[in-house]
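K.L.:
Input structure16.tsv, format and content: TSV, C-alpha atoms.
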chain	number	residue	atom	x	y	z
A	238	MET	CA	176.00	84.60	66.75
A	239	ILE	CA	174.18	83.49	63.61
A	240	ASP	CA	171.30	85.55	62.22
A	241	ILE	CA	168.97	82.87	60.86
A	242	GLU	CA	166.96	85.48	58.91
A	243	GLU	CA	170.09	86.31	56.89
A	244	TYR	CA	170.07	82.68	55.71
A	245	GLY	CA	166.45	83.01	54.56
A	246	ILE	CA	165.27	80.56	57.22
A	247	HIS	CA	161.82	81.97	58.03
A	248	GLU	CA	158.91	80.58	60.04
A	249	GLY	CA	157.62	77.40	58.43
A	250	ILE	CA	159.69	74.68	56.81
A	251	SER	CA	162.75	75.28	54.63
A	252	GLU	CA	163.87	72.40	52.44
A	253	ILE	CA	167.60	71.87	52.84
A	254	ILE	CA	170.05	68.97	52.54
A	255	LEU	CA	171.21	67.76	55.93
A	256	THR	CA	174.72	66.37	56.14
A	257	THR	CA	175.89	64.13	58.97
A	258	ILE	CA	178.82	61.81	59.63
A	259	SER	CA	178.90	58.15	60.70
A	260	PRO	CA	181.06	56.79	63.55
A	261	GLY	CA	183.33	55.38	60.81
A	262	GLY	CA	183.69	58.86	59.25
A	263	VAL	CA	181.40	58.31	56.24
A	264	PRO	CA	179.51	61.48	55.25
A	265	ASN	CA	175.78	61.31	54.54
A	266	ALA	CA	173.44	63.75	52.81
A	267	ALA	CA	169.64	63.67	52.90
A	268	PRO	CA	166.98	66.25	52.04
A	269	MET	CA	165.20	67.41	55.13
A	270	GLY	CA	162.62	69.96	56.29
A	271	LEU	CA	164.19	72.53	58.60
A	272	HIS	CA	161.36	73.71	60.86
A	273	ARG	CA	161.36	77.15	62.42
A	274	LYS	CA	158.59	77.69	64.94
A	275	ASP	CA	158.38	80.17	67.83
A	276	GLY	CA	162.11	80.83	67.64
A	277	ARG	CA	163.02	77.12	67.75
A	278	LEU	CA	164.78	75.23	64.98
A	279	PHE	CA	164.22	71.51	64.64
A	280	ALA	CA	163.88	68.58	62.26
A	281	ARG	CA	161.55	65.60	62.41
A	282	ILE	CA	163.68	62.66	61.37
A	283	TYR	CA	162.52	59.12	60.58
A	284	ASN	CA	164.67	56.16	61.57
A	285	SER	CA	167.45	56.38	59.02
A	286	LYS	CA	171.18	56.69	58.47
A	287	THR	CA	170.81	60.41	59.24
A	288	LEU	CA	169.25	59.66	62.63
A	289	ASP	CA	171.82	56.97	63.47
A	290	ASN	CA	174.60	59.41	62.66
A	291	ILE	CA	173.11	62.16	64.83
A	292	LEU	CA	172.61	59.72	67.71
A	293	SER	CA	176.28	58.74	67.56
A	294	LYS	CA	177.64	62.26	66.85
A	295	PRO	CA	175.12	65.01	67.60
A	296	ILE	CA	176.16	67.44	64.86
A	297	ALA	CA	174.40	68.16	61.58
A	298	ALA	CA	174.66	70.80	58.86
A	299	ALA	CA	171.93	72.42	56.79
A	300	ASN	CA	173.19	72.84	53.23
A	301	ILE	CA	171.18	75.41	51.29
A	302	VAL	CA	171.26	74.38	47.63
A	303	ASP	CA	169.62	75.36	44.35
A	304	ASP	CA	170.69	72.37	42.26
A	305	PRO	CA	167.70	70.16	41.45
A	306	VAL	CA	169.93	67.21	40.49
A	307	LEU	CA	171.63	67.27	43.90
A	308	PHE	CA	168.22	67.30	45.51
A	309	VAL	CA	166.99	64.26	43.61
A	310	GLN	CA	170.25	62.40	44.12
A	311	SER	CA	170.33	62.94	47.89
A	312	ALA	CA	166.64	61.98	48.16
A	313	LEU	CA	166.91	58.68	46.31
A	314	SER	CA	170.56	57.65	46.38
A	315	ASP	CA	173.95	58.43	47.88
A	316	ILE	CA	176.04	61.48	47.11
A	317	GLU	CA	179.55	60.66	45.88
A	318	SER	CA	182.24	61.40	48.49
A	319	GLU	CA	184.02	63.89	46.20
A	320	ARG	CA	180.99	66.19	46.38
A	321	PHE	CA	181.64	66.76	50.09
A	322	GLU	CA	184.25	69.02	51.63
A	323	LEU	CA	185.33	69.07	55.25
A	324	VAL	CA	184.95	72.20	57.38
A	325	ASP	CA	186.23	71.74	60.95
A	326	SER	CA	186.37	67.99	60.15
A	327	PHE	CA	182.65	67.99	59.36
A	328	PRO	CA	181.26	67.14	55.89
A	329	LEU	CA	179.41	69.84	53.94
A	330	LEU	CA	178.33	69.80	50.31
A	331	LYS	CA	180.64	71.72	47.99
A	332	ASP	CA	177.84	73.21	45.89
A	333	THR	CA	175.92	75.20	48.45
A	334	LEU	CA	174.69	78.78	48.53
A	335	GLY	CA	175.22	78.67	52.29
A	336	TRP	CA	175.41	76.31	55.25
A	337	ILE	CA	174.82	76.22	58.98
A	338	ILE	CA	176.35	73.69	61.37
A	339	PHE	CA	174.15	72.75	64.34
A	340	ASP	CA	174.55	71.04	67.69
A	341	CYS	CA	171.76	68.48	67.94
A	342	THR	CA	169.59	67.41	70.87
A	343	CYS	CA	167.52	64.37	70.01
A	344	LYS	CA	164.15	63.47	71.50
A	345	LYS	CA	163.98	59.88	70.31
A	346	GLY	CA	160.63	58.52	69.14
A	347	GLU	CA	159.68	55.05	67.95
A	348	ASN	CA	159.51	55.87	64.22
A	349	ILE	CA	160.24	59.54	64.17
A	350	SER	CA	162.49	61.65	66.39
A	351	VAL	CA	162.49	65.38	66.99
A	352	VAL	CA	165.97	66.84	66.73
A	353	GLU	CA	166.48	70.33	68.16
A	354	LEU	CA	169.08	72.29	66.21
A	355	SER	CA	171.29	74.96	67.78
A	356	PRO	CA	173.32	76.95	65.25
A	357	VAL	CA	177.06	76.88	65.92
A	358	LYS	CA	178.64	78.24	62.78
A	359	GLY	CA	177.50	79.27	59.33
A	360	LYS	CA	178.53	80.80	56.05
A	361	ILE	CA	176.77	82.36	53.11
A	362	THR	CA	178.74	81.47	49.99
A	363	ALA	CA	176.55	82.93	47.24
A	364	ARG	CA	173.72	85.41	47.07
A	365	LYS	CA	171.83	85.18	43.80
A	366	LEU	CA	168.73	86.52	42.21
A	367	GLN	CA	166.46	83.49	41.86
A	368	PRO	CA	163.19	84.20	40.08
A	369	ILE	CA	160.48	81.61	40.60
A	370	ASN	CA	160.78	78.61	38.30
A	371	ARG	CA	157.79	76.27	38.56
A	372	GLY	CA	159.88	73.53	36.97
A	373	PHE	CA	162.46	73.71	39.75
A	374	ASN	CA	159.72	73.65	42.37
A	375	ALA	CA	158.07	70.70	40.64
A	376	VAL	CA	161.31	68.68	40.85
A	377	ILE	CA	161.31	69.13	44.64
A	378	GLU	CA	157.69	67.95	44.89
A	379	ALA	CA	158.38	65.03	42.56
A	380	ALA	CA	161.42	64.00	44.63
A	381	ILE	CA	159.31	63.94	47.80
A	382	HIS	CA	156.66	61.77	46.14
A	383	ALA	CA	159.42	59.54	44.71
A	384	THR	CA	160.82	58.79	48.19
A	385	ARG	CA	157.35	57.52	49.11
A	386	TYR	CA	156.90	55.68	45.82
A	387	VAL	CA	160.12	53.65	46.14
A	388	VAL	CA	159.01	52.38	49.57
A	389	LEU	CA	155.25	51.97	49.11
A	390	LYS	CA	154.98	51.48	45.30
A	391	GLU	CA	151.52	53.06	45.35
A	392	GLN	CA	150.12	54.36	42.06
A	393	LYS	CA	148.99	57.67	43.59
A	394	TYR	CA	152.61	58.66	44.23
A	395	PHE	CA	153.54	57.77	40.67
A	396	ASP	CA	150.63	59.85	39.37
A	397	CYS	CA	151.93	62.82	41.37
A	398	ILE	CA	155.41	62.36	39.90
A	399	GLU	CA	153.91	62.32	36.40
A	400	TYR	CA	151.91	65.46	37.12
A	401	TYR	CA	154.98	67.33	38.36
A	402	ASN	CA	156.99	66.05	35.40
A	403	SER	CA	154.48	67.71	33.09
A	404	ILE	CA	155.26	71.03	34.83
A	405	VAL	CA	159.01	70.40	34.50
A	406	LYS	CA	158.65	69.69	30.78
A	407	LYS	CA	156.75	72.96	30.33
A	408	CYS	CA	158.58	75.32	32.70
A	409	GLY	CA	161.94	73.76	33.55
A	410	GLY	CA	165.33	74.21	31.96
A	411	GLU	CA	167.99	71.60	31.21
A	412	ARG	CA	168.94	71.24	34.90
A	413	GLU	CA	165.38	70.42	35.89
A	414	LYS	CA	164.90	68.01	32.99
A	415	ASN	CA	168.13	66.21	33.90
A	416	ALA	CA	166.96	65.95	37.49
A	417	MET	CA	163.71	64.30	36.37
A	418	ARG	CA	165.56	61.88	34.08
A	419	LEU	CA	167.65	60.86	37.09
A	420	LEU	CA	164.54	60.57	39.26
A	421	TYR	CA	162.86	58.20	36.81
A	422	GLU	CA	166.06	56.16	36.66
A	423	PHE	CA	166.15	55.87	40.45
A	424	ILE	CA	162.54	54.71	40.65
A	425	GLY	CA	163.16	52.21	37.86
A	426	ILE	CA	160.96	53.74	35.17
A	427	GLN	CA	162.20	54.11	31.62
A	428	LYS	CA	161.24	57.35	29.94
B	2	MET	CA	174.20	95.25	27.86
B	3	ILE	CA	172.17	93.18	30.31
B	4	ASP	CA	173.41	89.75	31.38
B	5	ILE	CA	170.16	87.81	31.71
B	6	GLU	CA	171.96	85.01	33.63
B	7	GLU	CA	172.81	87.50	36.39
B	8	TYR	CA	169.07	88.00	36.86
B	9	GLY	CA	168.56	84.25	37.25
B	10	ILE	CA	166.58	84.07	34.01
B	11	HIS	CA	167.56	80.62	32.77
B	12	GLU	CA	166.17	78.44	29.97
B	13	GLY	CA	162.56	77.53	30.69
B	14	ILE	CA	159.93	79.79	32.20
B	15	SER	CA	160.54	82.23	35.06
B	16	GLU	CA	157.46	83.51	36.87
B	17	ILE	CA	157.63	87.27	37.17
B	18	ILE	CA	155.18	90.16	37.48
B	19	LEU	CA	154.92	92.12	34.25
B	20	THR	CA	154.18	95.82	34.54
B	21	THR	CA	152.83	97.88	31.67
B	22	ILE	CA	151.20	101.28	31.25
B	23	SER	CA	147.91	102.28	29.59
B	24	PRO	CA	147.54	105.13	27.08
B	25	GLY	CA	145.97	107.12	29.94
B	26	GLY	CA	149.05	106.49	32.11
B	27	VAL	CA	147.51	103.87	34.44
B	28	PRO	CA	150.04	101.25	35.54
B	29	ASN	CA	149.13	97.56	35.41
B	30	ALA	CA	150.75	94.51	37.00
B	31	ALA	CA	150.08	90.87	36.10
B	32	PRO	CA	151.96	87.65	36.85
B	33	MET	CA	153.47	86.23	33.70
B	34	GLY	CA	155.73	83.45	32.49
B	35	LEU	CA	158.95	84.86	31.05
B	36	HIS	CA	160.11	82.30	28.49
B	37	ARG	CA	163.76	81.89	27.59
B	38	LYS	CA	164.38	79.56	24.69
B	39	ASP	CA	167.36	79.37	22.32
B	40	GLY	CA	168.53	82.79	23.41
B	41	ARG	CA	165.13	84.42	22.81
B	42	LEU	CA	163.00	86.00	25.52
B	43	PHE	CA	159.24	86.15	25.08
B	44	ALA	CA	155.88	85.97	26.78
B	45	ARG	CA	152.66	84.36	25.61
B	46	ILE	CA	149.94	86.82	26.54
B	47	TYR	CA	146.17	86.27	26.42
B	48	ASN	CA	143.88	89.12	25.41
B	49	SER	CA	144.01	91.30	28.51
B	50	LYS	CA	144.78	94.73	29.86
B	51	THR	CA	148.47	93.77	29.69
B	52	LEU	CA	148.23	93.01	25.98
B	53	ASP	CA	146.21	96.18	25.23
B	54	ASN	CA	148.84	98.23	27.03
B	55	ILE	CA	151.71	96.62	25.11
B	56	LEU	CA	149.89	97.13	21.81
B	57	SER	CA	149.52	100.83	22.56
B	58	LYS	CA	152.96	101.32	24.12
B	59	PRO	CA	155.39	98.47	23.37
B	60	ILE	CA	157.30	98.52	26.65
B	61	ALA	CA	157.02	96.10	29.58
B	62	ALA	CA	159.03	95.34	32.71
B	63	ALA	CA	159.70	92.02	34.41
B	64	ASN	CA	159.55	92.54	38.16
B	65	ILE	CA	161.29	89.75	40.06
B	66	VAL	CA	159.54	89.39	43.43
B	67	ASP	CA	159.54	87.03	46.40
B	68	ASP	CA	156.40	88.30	48.11
B	69	PRO	CA	153.60	85.71	47.86
B	70	VAL	CA	150.92	88.29	48.75
B	71	LEU	CA	151.96	90.51	45.83
B	72	PHE	CA	151.80	87.51	43.55
B	73	VAL	CA	148.25	86.58	44.60
B	74	GLN	CA	147.10	90.17	44.47
B	75	SER	CA	148.43	90.82	40.96
B	76	ALA	CA	146.98	87.50	39.75
B	77	LEU	CA	143.44	88.10	41.01
B	78	SER	CA	143.06	91.82	41.53
B	79	ASP	CA	144.66	95.21	40.95
B	80	ILE	CA	147.77	96.49	42.66
B	81	GLU	CA	147.29	99.81	44.44
B	82	SER	CA	148.97	102.73	42.63
B	83	GLU	CA	151.18	103.51	45.66
B	84	ARG	CA	152.96	100.18	45.21
B	85	PHE	CA	154.40	101.34	41.88
B	86	GLU	CA	157.33	103.66	41.35
B	87	LEU	CA	158.31	105.35	38.13
B	88	VAL	CA	161.71	104.72	36.53
B	89	ASP	CA	162.24	106.67	33.30
B	90	SER	CA	158.48	107.42	33.44
B	91	PHE	CA	157.72	103.70	33.42
B	92	PRO	CA	155.93	101.92	36.31
B	93	LEU	CA	157.82	99.25	38.27
B	94	LEU	CA	156.83	97.59	41.53
B	95	LYS	CA	158.56	99.03	44.58
B	96	ASP	CA	159.10	95.67	46.29
B	97	THR	CA	161.27	93.87	43.75
B	98	LEU	CA	164.51	91.95	44.03
B	99	GLY	CA	165.30	93.16	40.53
B	100	TRP	CA	163.69	94.34	37.31
B	101	ILE	CA	164.29	94.44	33.58
B	102	ILE	CA	162.61	96.83	31.16
B	103	PHE	CA	161.99	95.43	27.67
B	104	ASP	CA	161.11	96.74	24.24
B	105	CYS	CA	158.25	94.58	22.96
B	106	THR	CA	157.49	93.23	19.51
B	107	CYS	CA	154.05	91.71	19.36
B	108	LYS	CA	152.95	88.88	17.07
B	109	LYS	CA	149.20	89.23	17.53
B	110	GLY	CA	147.12	86.06	17.73
B	111	GLU	CA	143.36	85.62	18.04
B	112	ASN	CA	143.33	84.65	21.74
B	113	ILE	CA	146.98	84.61	22.60
B	114	SER	CA	149.84	86.74	21.30
B	115	VAL	CA	153.56	86.11	21.38
B	116	VAL	CA	155.48	89.14	22.60
B	117	GLU	CA	159.23	89.18	21.97
B	118	LEU	CA	161.12	90.95	24.74
B	119	SER	CA	164.38	92.83	24.15
B	120	PRO	CA	166.09	93.95	27.38
B	121	VAL	CA	166.78	97.68	27.50
B	122	LYS	CA	167.68	98.39	31.09
B	123	GLY	CA	167.73	96.48	34.36
B	124	LYS	CA	168.70	96.60	38.00
B	125	ILE	CA	169.28	94.08	40.73
B	126	THR	CA	168.07	95.63	43.98
B	127	ALA	CA	168.55	92.73	46.42
B	128	ARG	CA	170.47	89.48	46.43
B	129	LYS	CA	169.25	87.13	49.12
B	130	LEU	CA	169.70	83.58	50.23
B	131	GLN	CA	166.34	81.95	49.55
B	132	PRO	CA	166.13	78.34	50.71
B	133	ILE	CA	163.30	76.33	49.17
B	134	ASN	CA	159.97	76.81	50.92
B	135	ARG	CA	157.30	74.44	49.61
B	136	GLY	CA	154.66	76.72	51.12
B	137	PHE	CA	155.83	79.66	49.02
B	138	ASN	CA	155.89	77.49	45.90
B	139	ALA	CA	152.41	76.18	46.71
B	140	VAL	CA	151.02	79.74	46.83
B	141	ILE	CA	152.25	80.31	43.26
B	142	GLU	CA	150.60	77.11	42.05
B	143	ALA	CA	147.38	77.94	43.92
B	144	ALA	CA	147.32	81.44	42.39
B	145	ILE	CA	147.59	79.97	38.89
B	146	HIS	CA	144.72	77.56	39.54
B	147	ALA	CA	142.73	80.41	41.11
B	148	THR	CA	142.95	82.53	37.94
B	149	ARG	CA	141.36	79.60	36.09
B	150	TYR	CA	138.82	78.96	38.84
B	151	VAL	CA	137.45	82.52	38.83
B	152	VAL	CA	136.77	82.30	35.10
B	153	LEU	CA	135.65	78.68	34.69
B	154	LYS	CA	134.34	77.85	38.20
B	155	GLU	CA	135.34	74.21	37.69
B	156	GLN	CA	135.64	72.02	40.80
B	157	LYS	CA	138.99	70.56	39.65
B	158	TYR	CA	140.68	73.94	39.98
B	159	PHE	CA	139.21	74.40	43.43
B	160	ASP	CA	140.47	70.95	44.44
B	161	CYS	CA	143.97	71.96	43.31
B	162	ILE	CA	143.78	75.16	45.38
B	163	GLU	CA	142.75	73.11	48.42
B	164	TYR	CA	145.62	70.67	47.87
B	165	TYR	CA	148.18	73.47	47.64
B	166	ASN	CA	146.65	75.15	50.68
B	167	SER	CA	147.36	71.99	52.68
B	168	ILE	CA	151.05	72.39	51.76
B	169	VAL	CA	150.97	76.08	52.74
B	170	LYS	CA	149.44	75.21	56.11
B	171	LYS	CA	152.18	72.65	56.72
B	172	CYS	CA	155.26	74.36	55.25
B	173	GLY	CA	154.49	78.06	54.88
B	174	GLY	CA	155.13	80.96	57.21
B	175	GLU	CA	152.86	83.90	58.05
B	176	ARG	CA	153.45	85.53	54.62
B	177	GLU	CA	152.30	82.43	52.77
B	178	LYS	CA	149.27	81.95	55.03
B	179	ASN	CA	148.25	85.59	54.53
B	180	ALA	CA	148.59	85.14	50.77
B	181	MET	CA	146.24	82.14	50.88
B	182	ARG	CA	143.71	84.01	53.04
B	183	LEU	CA	143.70	86.75	50.41
B	184	LEU	CA	143.39	84.19	47.62
B	185	TYR	CA	140.30	82.60	49.19
B	186	GLU	CA	138.81	86.08	49.66
B	187	PHE	CA	139.36	86.88	45.98
B	188	ILE	CA	137.71	83.67	44.83
B	189	GLY	CA	134.80	84.30	47.21
B	190	ILE	CA	135.36	81.39	49.58
B	191	GLN	CA	135.14	81.88	53.33
B	192	LYS	CA	137.76	79.98	55.29
Let me see whether you can do it: turn the structure in this file into structure tokens.
P.N.:
Amino acid sequence: MIDIEEYGIHEGISEIILTTISPGGVPNAAPMGLHRKDGRLFARIYNSKTLDNILSKPIAAANIVDDPVLFVQSALSDIESERFELVDSFPLLKDTLGWIIFDCTCKKGENISVVELSPVKGKITARKLQPINRGFNAVIEAAIHATRYVVLKEQKYFDCIEYYNSIVKKCGGEREKNAMRLLYEFIGIQK
Amino acid sequence: MIDIEEYGIHEGISEIILTTISPGGVPNAAPMGLHRKDGRLFARIYNSKTLDNILSKPIAAANIVDDPVLFVQSALSDIESERFELVDSFPLLKDTLGWIIFDCTCKKGENISVVELSPVKGKITARKLQPINRGFNAVIEAAIHATRYVVLKEQKYFDCIEYYNSIVKKCGGEREKNAMRLLYEFIGIQK
């Protein structure tokens, strides 16, 4: 029995990296909102590699991470295979603070599907003191706007990225600044 | 000897609640950016009760908290005396994940002073897994804009608060929603 509270998964949406596996055995990692509402856990997943993988093999893992670079990379690109490790033949990220493997039940929609998540197994690998860093938080927001920007190319998303980058420059450390450099690279902007 | 890394205080700015004490023995709590740069720890403090307290008694404590309500309350109001506890006759917040007491050296400026912080003593009280919650992060941003709004009453700060509130409504849990209700109360807006 997994105590979700122990993993810091409270009511609302926790931002985690969801790992899945393709029929051919290729691991995938994508940032995802893990919803907790009225005791239920679920994700709302757009048509994507993640959804295809879950439809073919209904297992997924929430990887709880605190590495801003990993977040940006999984949002806008692929994660190199050596950054995964297999647990019970299922791919997890190596650099997690904790993970939970779920059985998935998918309610398929046209553009977006609701995937119910039932915890099967989990592990907390590191408990740390993590004071608030606005720079770290700004990277997460920037990454979300960047995923929209690369598809829609609308100026308003770019303006948001620039705004959050100003917070990273002021409040972030080297990790956060590296994450933003990578983000700009992925969206094709030279800084 | 205190290992600052253990407390999650990395390069950049960590948002903590700084407690100080007045000559009359009244504790004060205010959210503050704890800067770490090139091995130095310091805070940039505007003329305020916090600064007056440090000038009269050059000690301050960084309280590392994860309670969004506490953050909003200390940003926009006073913290009730029963929420403090005394350690070595110095006031700390009861609900912390960890704290560090510093000796302060103040370089007084006209509007803003730079206070160097030398760690004296610290304690980690709780190590938790804390997945990213955009709602929690949005409360912190909203609180910062609210401190500007109450002084300057400019619409742009209010617009920022409203934007971050939309994130809280979507991603936050009950704690975050309560914190925003309190925030709107403090800035005199009925929701």
K.L.:
Report as JSON lines: every residue of chain A with an atom at most 8 Å from chain B, its closest pair of atoms, and their distance in Å to one decimal, counting all atoms listed in the file, with rows sorted by chain and ascending residue number.
P.N.:
{"residue": "A:Glu243", "atom": "CA", "partner": "B:Leu130", "partner_atom": "CA", "distance": 7.2}
{"residue": "A:Tyr244", "atom": "CA", "partner": "B:Leu130", "partner_atom": "CA", "distance": 5.6}
{"residue": "A:Gly245", "atom": "CA", "partner": "B:Gln131", "partner_atom": "CA", "distance": 5.1}
{"residue": "A:Ile246", "atom": "CA", "partner": "B:Pro132", "partner_atom": "CA", "distance": 6.9}
{"residue": "A:His247", "atom": "CA", "partner": "B:Gly174", "partner_atom": "CA", "distance": 6.8}
{"residue": "A:Glu248", "atom": "CA", "partner": "B:Gly174", "partner_atom": "CA", "distance": 4.7}
{"residue": "A:Gly249", "atom": "CA", "partner": "B:Gly174", "partner_atom": "CA", "distance": 4.5}
{"residue": "A:Ile250", "atom": "CA", "partner": "B:Cys172", "partner_atom": "CA", "distance": 4.7}
{"residue": "A:Ser251", "atom": "CA", "partner": "B:Asn134", "partner_atom": "CA", "distance": 4.9}
{"residue": "A:Glu252", "atom": "CA", "partner": "B:Ile133", "partner_atom": "CA", "distance": 5.1}
{"residue": "A:Ile253", "atom": "CA", "partner": "B:Pro132", "partner_atom": "CA", "distance": 7.0}
{"residue": "A:Ile301", "atom": "CA", "partner": "B:Pro132", "partner_atom": "CA", "distance": 5.9}
{"residue": "A:Val302", "atom": "CA", "partner": "B:Pro132", "partner_atom": "CA", "distance": 7.2}
{"residue": "A:Asp303", "atom": "CA", "partner": "B:Pro132", "partner_atom": "CA", "distance": 7.8}
{"residue": "A:Leu334", "atom": "CA", "partner": "B:Leu130", "partner_atom": "CA", "distance": 7.1}
{"residue": "A:Gly335", "atom": "CA", "partner": "B:Leu130", "partner_atom": "CA", "distance": 7.7}
{"residue": "A:Ile361", "atom": "CA", "partner": "B:Leu130", "partner_atom": "CA", "distance": 7.7}
{"residue": "A:Ala363", "atom": "CA", "partner": "B:Leu130", "partner_atom": "CA", "distance": 7.5}
{"residue": "A:Arg364", "atom": "CA", "partner": "B:Lys129", "partner_atom": "CA", "distance": 5.2}
{"residue": "A:Lys365", "atom": "CA", "partner": "B:Arg128", "partner_atom": "CA", "distance": 5.2}
{"residue": "A:Leu366", "atom": "CA", "partner": "B:Arg128", "partner_atom": "CA", "distance": 5.4}
{"residue": "A:Gln367", "atom": "CA", "partner": "B:Gly9", "partner_atom": "CA", "distance": 5.1}
{"residue": "A:Pro368", "atom": "CA", "partner": "B:Ile65", "partner_atom": "CA", "distance": 5.9}
{"residue": "A:Ile369", "atom": "CA", "partner": "B:Glu16", "partner_atom": "CA", "distance": 5.2}
{"residue": "A:Asn370", "atom": "CA", "partner": "B:Ser15", "partner_atom": "CA", "distance": 4.9}
{"residue": "A:Arg371", "atom": "CA", "partner": "B:Ser15", "partner_atom": "CA", "distance": 7.4}
{"residue": "A:Gly372", "atom": "CA", "partner": "B:Ile14", "partner_atom": "CA", "distance": 7.9}
{"residue": "A:Asn374", "atom": "CA", "partner": "B:Asn138", "partner_atom": "CA", "distance": 6.5}
{"residue": "A:Lys407", "atom": "CA", "partner": "B:Gly13", "partner_atom": "CA", "distance": 7.4}
{"residue": "A:Cys408", "atom": "CA", "partner": "B:Ile14", "partner_atom": "CA", "distance": 4.7}
{"residue": "A:Gly409", "atom": "CA", "partner": "B:Gly13", "partner_atom": "CA", "distance": 4.8}
{"residue": "A:Gly410", "atom": "CA", "partner": "B:Gly13", "partner_atom": "CA", "distance": 4.5}
{"residue": "A:Glu411", "atom": "CA", "partner": "B:Glu12", "partner_atom": "CA", "distance": 7.2}
K.L.:
One decimal, Å: what's the distance from CA of Pro24 (chain B) over to CA of Asn54 (chain B), could you say?
P.N.:
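CA of Pro24 (chain B) sits 7.0 Å away from CA of Asn54 (chain B).
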K.L.:
What lies within 9 Å of Pro328 (chain A) using only C-alpha atoms, ignoring chain neighbours under 5 positions off, as an NGL selection string?
P.N.:
:A and (256-258 or 263-265 or 297-298 or 321-323)
K.L.:
Using CA of Leu77 (chain B) and CA of Val121 (chain B) as the two end points, give the distance in Å to one decimal.
P.N.:
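Calculated distance between CA of Leu77 (chain B) and CA of Val121 (chain B) is 28.6 Å.
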K.L.:
Within 8 Å of (166.5, 66.1, 39.1) (coordinates as in the file), grab all the protein and nucleic acid residues, counting all atoms listed in the file, and write them out as a PyMOL selection string.
P.N.:
chain A and resi 305-310+376+380+412-420
K.L.:
What is the distance between CA of Tyr421 (chain A) and CA of Trp336 (chain A), in Å to one decimal?
P.N.:
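These two atoms are separated by 28.7 Å.
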K.L.:
Which residues are near Ala76 (chain B)? Cut-off 8 Å, all atoms listed in the file, ignore same chain within fewer than 5 positions. Put them as a count of residues only.
P.N.:
5
K.L.:
Quick one: of A:Lys345, A:Arg277, A:Lys390, A:Lys331, who's nearest to Leu292 (chain A), counting all atoms listed in the file?
P.N.:
A:Lys345
K.L.:
Pick from A:Ile296, A:Leu255, A:Ile282, A:Ala383: nearest to Asp340 (chain A), with only C-alpha atoms counted?
P.N.:
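Nearest to Asp340 (chain A): A:Ile296.
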